[in-house]
Each structure stands twice: as C-alpha cells, then as structure tokens.
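> Please find one structure pasted underneath; my questions will follow.
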Amino acid sequence: GKVRAPTHIISTISDDRGEEPCYAGVPMSTIVEKGMGVGDVISLLWFKRSLPRYCTQFIEICVMLCADHGPCVSGAHNTIVTARAGKDLVSSLVSGLLTIGPRFGGAIDDAARYFKDAYERKLSPYEFVEGMKKQGIRVPGIGHRIKRGDNRDKRVELLQLFARTHFPSTKYMEYAVEVETYTLSKANNLVMNVDGAIGTLFLDLLVGSGMFTKPEIDEIVSIGYLNGLFVLARSIGLIGHTFDQKRLKQPLYRHPWEDVLYTK
Ligand code: ACO
Ligand code: LMR
C-alpha cells in the first residue's frame, strides 16, 4: 500500500498549493468577491472559521481603536528612538512591539483569564480584587497612567457601546464594570482600561456567538490569542511613527541629563 512519508510541519490555517491561496479553506477570490474585511481574515487565520458580521466588526473596531495612542507611550517611544538611531523599518517596529506586555497593551489575555475565573467562581468584586491583592497581583485590565474615573478612556466607552448594542450578552464585561466600580472606590486611576474591555468583551464574543465549543474557548484563553489584537493594531501606529521620524529627518535621540536623577 501507499506509505506516507512523515512530515516535519503540520499546518491547518492556510494552503497555497491550489490555483490560489486559501485561508481556512476560503479562496482569496471569495474573500475579495464577498467584500470581506480584515476582521474576516483574522477570523479565518486565527480562529479557523467565518464569524458573524458583528464579531468581525468588533475585531476591526479593536484594531482601529488600538492602532495608536500618541508618541509618549512605551511602544511609540521605543520605535521613535530606534528610528532616530537610523535603524530600518522592521527594527524600529519590533523595538516598539517588544514593550507590549503585562503593563502595556499585553494584559488582554490575563484580563480574560482572571475575569473569566472570577466570574465563574461567582466572586464578588470585593472578593476578586482583595484576593488578587493578597496574592500581590495587579488586576489585569484595570488601571491607567493618564485615564481617571472622571476622564474615562473613550476607547473603552466605544467598545462597550458597540457590544451592548450588538452582542447577545455582555455578562463578562458587565462583571468587569462592577469590579471597576469597586476599584474606583479605592483609587481614581483604577479604571477599566482598553485591555480589560477587549479581554472581557472577547469572552462575551466567544461565548455569546455560539461559534465556539467550551473546550475551544478554554484553549483560546489558555493559549492567549487576544494580546495578538493589540500587537497587530499597534503595529499600524508604530510603522506610522517610523515613517514620521524619517520624514522629519530627526537626529539621533539623546535623553537630556536634566531629566535623569544621578544618584549613588
Ligand atoms: N490592580 C490593583 N491595584 C493597582 C492596579 C491594578 N491593576 N493598578 C495600579 N494599582 C495600584 C498600585 O498597586 C498602586 O498602589 P500602591 O502604590 O499602593 O502599590 C496604585 O494603584 C497606583 O498605581 P501606580 O503604580 O501609580 O499605577 P501606574 O500608573 O504605574 O500603573 C498600570 C499603570 C501599569 C496600567 C497599572 O494600572 C497596571 O499594572 N494595570 C494592570 C495591567 C494592565 O491592565 N495594563 C494595561 C494598561 S492599558 C494599555 O496599556 C493599553
Ligand atoms: C495606549 O494605548 O498606548 C495607552 O492606553 C497607554 C497609555 O499609557 O496611555
């Protein structure tokens, strides 16, 4: 009989062997003819399925809202310094991307993990937040350097509005709102941030869309797909910052002595 030579790679998301490349079985011509967008492409390549329009629209809104946040944030700062050191586009981009992590932009997966666990264990906001404090862990998705209870993050409000209008359920996000009410009673900077909004709303999308089984949802949360949304989105802005610095012919950046506390 036929003997199948063992392969070194297994791949399940795309295939370029036919007349045209396919994403999760969908030919590129179909993607173009049906007027699909980047949200559909993300659905196919990350989740290996076509998602309903409101889901792909939500993904696209996340990408648009997280594309940039000015030159002062960690990622843009690194990119700007790198571009001004004369480095190329890819180096400048990855230098910015490398700052994405638990404090900056990369708290989405942990927000989904911790809020899902707390919701499912039916913890009150007090029990959840104080339990985290006892463990010495900051609540992912809560807190911001410049946003406050009286100066909310517009991105969070826009995502909430979209989801409350289009999602069948927003139970995880509403739980995060209750948690935020508690954290705001402790300090004015402990608002729900964009990572918290995306993390909890994506749980609502995964559960409410009916497109994923429970083991699939658990796998998505445990592998950690959702920081990918911020990485993808912010790449748009970081590329823009690189071009901006090059266009402006900015010289090598050197941090001013006056802004460093030299101490023994
Ligand atoms: N949970 C519990 N307590 C918190 C949290 C939190 N998420 N964030 C801040 N605090 C507490 C701090 O412990 C601190 O109290 P302490 O000095 O008694 O320890 C107090 O609030 C003040 O906090 P700062 O350290 O001044 O806050 P800072 O401005 O440095 O931190 C940050 C901002 C990094 C976003 C922080 O809130 C945090 O770690 N949040 C969780 C991670 C997260 O969600 N990051 C994504 C941010 S959004 C984005 O990057 C796009
Ligand atoms: C961002 O999206 O980069 C911001 O929320 C971070 C910040 O500190 O402003």
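Residue numbers start at 1 in each chain; chains themselves are named A, B, ... in the order of the structure tokens; ligands are numbered from 1 in the order shown.
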Can you pull out every residue with an atom within 8 Å of ligand 2? Use only C-alpha atoms and all ligand atoms and format it as a ChimeraX atom specification.
/A:66,68-70,72-75,104-105,144-147,193-194
> Show me which residues sit within 9 Å of ligand 1 when counting only C-alpha atoms and all ligand atoms, and put them as a PyMOL selection string.
chain A and resi 66+69+73-74+100-108+110-111+129-130+132-133+136-146+183+186-196+230
> Between CA of Tyr225 in chain A and CA of Val26 in chain A, what is the distance, to one decimal in Å?
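CA of Val26 in chain A lies at a distance of 21.3 Å from CA of Tyr225 in chain A.
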> By how many Å are CA of Ser43 in chain A and CA of Thr56 in chain A apart?
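CA of Ser43 in chain A sits 7.1 Å away from CA of Thr56 in chain A.
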> As JSON, numbers by chain, please: all residues of range 154-232 of chain A that backbone DSSP puts in alpha helix (DSSP H).
{"A": [154, 155, 156, 157, 158, 159, 160, 161, 162, 163, 164, 165, 166, 171, 172, 173, 174, 175, 176, 177, 178, 179, 180, 181, 182, 183, 184, 185, 186, 194, 195, 196, 197, 198, 199, 200, 201, 202, 203, 204, 205, 206, 207, 208, 214, 215, 216, 217, 218, 219, 220, 221, 222, 223, 227, 228, 229, 230, 231, 232]}
> Find the residues around Asp117 in chain A up to 12 Å (only C-alpha atoms counted), leave out those fewer than 6 positions away in its own chain, and share them as a PyMOL selection string.
chain A and resi 110-111+123-124+128+132+172+175-176+200+203+218+221-222
> Mind writing the picked residues with C-alpha atoms as a PDB file, in the first residue's frame?

```pdb
ATOM      1  CA  ASP A 110      -4.600  37.835  31.521  1.00  0.00           C
ATOM      2  CA  ALA A 111      -7.674  40.063  31.860  1.00  0.00           C
ATOM      3  CA  LEU A 123     -16.601  36.046  43.308  1.00  0.00           C
ATOM      4  CA  SER A 124     -17.933  39.429  44.368  1.00  0.00           C
ATOM      5  CA  PHE A 128     -11.861  39.161  43.476  1.00  0.00           C
ATOM      6  CA  MET A 132      -5.653  39.423  43.912  1.00  0.00           C
ATOM      7  CA  TYR A 172     -18.268  39.240  31.420  1.00  0.00           C
ATOM      8  CA  TYR A 175     -18.924  41.957  35.668  1.00  0.00           C
ATOM      9  CA  ALA A 176     -15.752  43.942  34.879  1.00  0.00           C
ATOM     10  CA  THR A 200     -13.791  40.667  28.819  1.00  0.00           C
ATOM     11  CA  LEU A 203     -15.043  36.376  26.285  1.00  0.00           C
ATOM     12  CA  ASP A 218     -10.758  27.377  27.159  1.00  0.00           C
ATOM     13  CA  VAL A 221      -7.949  31.743  26.636  1.00  0.00           C
ATOM     14  CA  SER A 222      -5.206  29.420  27.853  1.00  0.00           C
TER      15      SER A 222
END
```
> Per residue of range 89-178 of chain A within 12 Å of range 232-236 of chain A, note the shortest atom pair and the distance in Å to one decimal, counting only C-alpha atoms, and order the rows by chain and increasing residue number, as a tab-separated table.

```
residue	atom	partner	partner_atom	distance
A:Leu89	CA	A:Ser235	CA	11.0
A:Val90	CA	A:Ser235	CA	10.3
A:Ser92	CA	A:Ser235	CA	10.4
A:Leu93	CA	A:Ser235	CA	6.8
A:Val94	CA	A:Ser235	CA	8.6
A:Ser95	CA	A:Ser235	CA	10.8
A:Gly96	CA	A:Ser235	CA	8.4
A:Leu97	CA	A:Ser235	CA	7.2
A:Leu98	CA	A:Ser235	CA	11.0
A:Thr99	CA	A:Arg234	CA	11.1
A:Ile100	CA	A:Arg234	CA	9.3
A:Phe104	CA	A:Arg234	CA	11.2
A:Gly105	CA	A:Arg234	CA	8.9
A:Gly106	CA	A:Arg234	CA	11.0
```
> Please run DSSP on the backbone and report, as a list in words, all residues within range 128-253 of chain A that come out as strand (DSSP E or B).
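DSSP-assigned strand (DSSP E or B) residues in range 128-253 of chain A: Ile142, Arg148, Asn151 and Met192 of chain A.
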> Can you list every residue of range 42-96 of chain A that has an atom at most 9 Å from range 8-16 of chain A, with its nearest atom pair and the distance in Å to one decimal, using only C-alpha atoms, ordered by chain then number, as a Markdown table?

```
| residue | atom | partner | partner_atom | distance |
| --- | --- | --- | --- | --- |
| A:Leu44 | CA | A:Ile13 | CA | 7.5 |
| A:Leu45 | CA | A:Ile13 | CA | 5.6 |
| A:Trp46 | CA | A:Ile13 | CA | 7.8 |
| A:Phe47 | CA | A:Ile13 | CA | 8.8 |
| A:Lys48 | CA | A:Ile13 | CA | 6.3 |
```
> Generate a file of the selected residues that holds N, CA, C and O atoms, formatted as an mmCIF file, in the first residue's frame.

```
data_model
loop_
_atom_site.group_PDB
_atom_site.id
_atom_site.type_symbol
_atom_site.label_atom_id
_atom_site.label_comp_id
_atom_site.auth_asym_id
_atom_site.auth_seq_id
_atom_site.Cartn_x
_atom_site.Cartn_y
_atom_site.Cartn_z
ATOM 1 N N LEU A 44 -10.585 33.924 10.009
ATOM 2 C CA LEU A 44 -10.187 32.708 9.291
ATOM 3 C C LEU A 44 -8.810 32.216 9.744
ATOM 4 O O LEU A 44 -8.619 31.029 10.010
ATOM 5 N N LEU A 45 -7.848 33.141 9.856
ATOM 6 C CA LEU A 45 -6.466 32.709 10.122
ATOM 7 C C LEU A 45 -6.199 32.454 11.609
ATOM 8 O O LEU A 45 -5.326 31.670 11.956
ATOM 9 N N TRP A 46 -6.925 33.127 12.495
ATOM 10 C CA TRP A 46 -6.687 32.908 13.926
ATOM 11 C C TRP A 46 -7.680 31.880 14.497
ATOM 12 O O TRP A 46 -7.303 31.052 15.306
ATOM 13 N N PHE A 47 -8.942 32.015 14.096
ATOM 14 C CA PHE A 47 -9.974 31.166 14.710
ATOM 15 C C PHE A 47 -10.436 30.044 13.780
ATOM 16 O O PHE A 47 -11.263 29.223 14.157
ATOM 17 N N LYS A 48 -9.918 30.036 12.552
ATOM 18 C CA LYS A 48 -10.194 28.978 11.587
ATOM 19 C C LYS A 48 -11.675 28.808 11.267
ATOM 20 O O LYS A 48 -12.158 27.692 11.078
#
```
> Which of these residues is nearest to Ser209 in chain A, using only C-alpha atoms: A:Arg53, A:Lys154, A:His241, A:Lys34?
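Checking each of A:Arg53, A:Lys154, A:His241, A:Lys34 against Ser209 in chain A, counting only C-alpha atoms, the winner is A:Arg53.
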> Residues near Asp88 in chain A, anyone? I mean within 12 Å using only C-alpha atoms, not counting same-chain ones fewer than 4 positions away, as a ChimeraX atom specification.
/A:79-84,92-95,239,242-243,245-246
> Could you dump the residues just selected with N, CA, C and O atoms as a short mmCIF file (atom, residue, chain, number, x, y, z; two decimals), in the first residue's frame?

```cif
data_model
loop_
_atom_site.label_atom_id
_atom_site.label_comp_id
_atom_site.auth_asym_id
_atom_site.auth_seq_id
_atom_site.Cartn_x
_atom_site.Cartn_y
_atom_site.Cartn_z
N THR A 79 10.02 52.93 19.42
CA THR A 79 10.08 52.98 17.96
C THR A 79 10.72 54.28 17.50
O THR A 79 11.58 54.29 16.60
N ILE A 80 10.33 55.38 18.13
CA ILE A 80 10.86 56.69 17.73
C ILE A 80 12.37 56.75 17.99
O ILE A 80 13.16 57.17 17.13
N VAL A 81 12.80 56.29 19.16
CA VAL A 81 14.23 56.31 19.49
C VAL A 81 15.01 55.44 18.50
O VAL A 81 16.09 55.81 18.02
N THR A 82 14.45 54.29 18.16
CA THR A 82 15.14 53.36 17.25
C THR A 82 15.22 53.95 15.84
O THR A 82 16.28 53.88 15.19
N ALA A 83 14.11 54.53 15.38
CA ALA A 83 14.12 55.14 14.04
C ALA A 83 15.15 56.27 14.00
O ALA A 83 15.88 56.43 13.01
N ARG A 84 15.22 57.04 15.09
CA ARG A 84 16.17 58.15 15.14
C ARG A 84 17.62 57.69 15.27
O ARG A 84 18.55 58.47 15.04
N SER A 92 12.76 49.25 13.85
CA SER A 92 12.03 50.27 14.60
C SER A 92 10.69 49.71 15.08
O SER A 92 10.27 49.93 16.22
N LEU A 93 10.03 48.94 14.20
CA LEU A 93 8.74 48.35 14.57
C LEU A 93 8.90 47.36 15.72
O LEU A 93 8.21 47.47 16.74
N VAL A 94 9.83 46.42 15.59
CA VAL A 94 9.92 45.39 16.64
C VAL A 94 10.42 45.98 17.96
O VAL A 94 10.04 45.53 19.03
N SER A 95 11.22 47.04 17.87
CA SER A 95 11.68 47.68 19.10
C SER A 95 10.47 48.19 19.89
O SER A 95 10.41 48.06 21.12
N ILE A 239 4.50 51.66 12.79
CA ILE A 239 5.01 51.87 11.42
C ILE A 239 4.86 53.35 11.06
O ILE A 239 5.77 53.97 10.50
N THR A 242 7.55 55.38 12.68
CA THR A 242 8.83 55.21 12.00
C THR A 242 8.90 56.14 10.79
O THR A 242 9.88 56.90 10.62
N PHE A 243 7.85 56.12 9.96
CA PHE A 243 7.83 56.99 8.78
C PHE A 243 7.91 58.46 9.19
O PHE A 243 8.59 59.26 8.55
N GLN A 245 9.28 59.89 11.82
CA GLN A 245 10.63 60.31 12.22
C GLN A 245 11.56 60.44 11.02
O GLN A 245 12.37 61.37 10.94
N LYS A 246 11.41 59.50 10.08
CA LYS A 246 12.28 59.53 8.88
C LYS A 246 11.93 60.75 8.04
O LYS A 246 12.81 61.43 7.52
#
```
> Pick out the residues sitting within 10 Å of Gln160 in chain A, and hand them over as a VMD selection string; count only C-alpha atoms, and ignore anything fewer than 3 positions along from it in its own chain.
chain A and resid 154 to 157 163 to 167 170 173 to 174 177 197 to 198 201
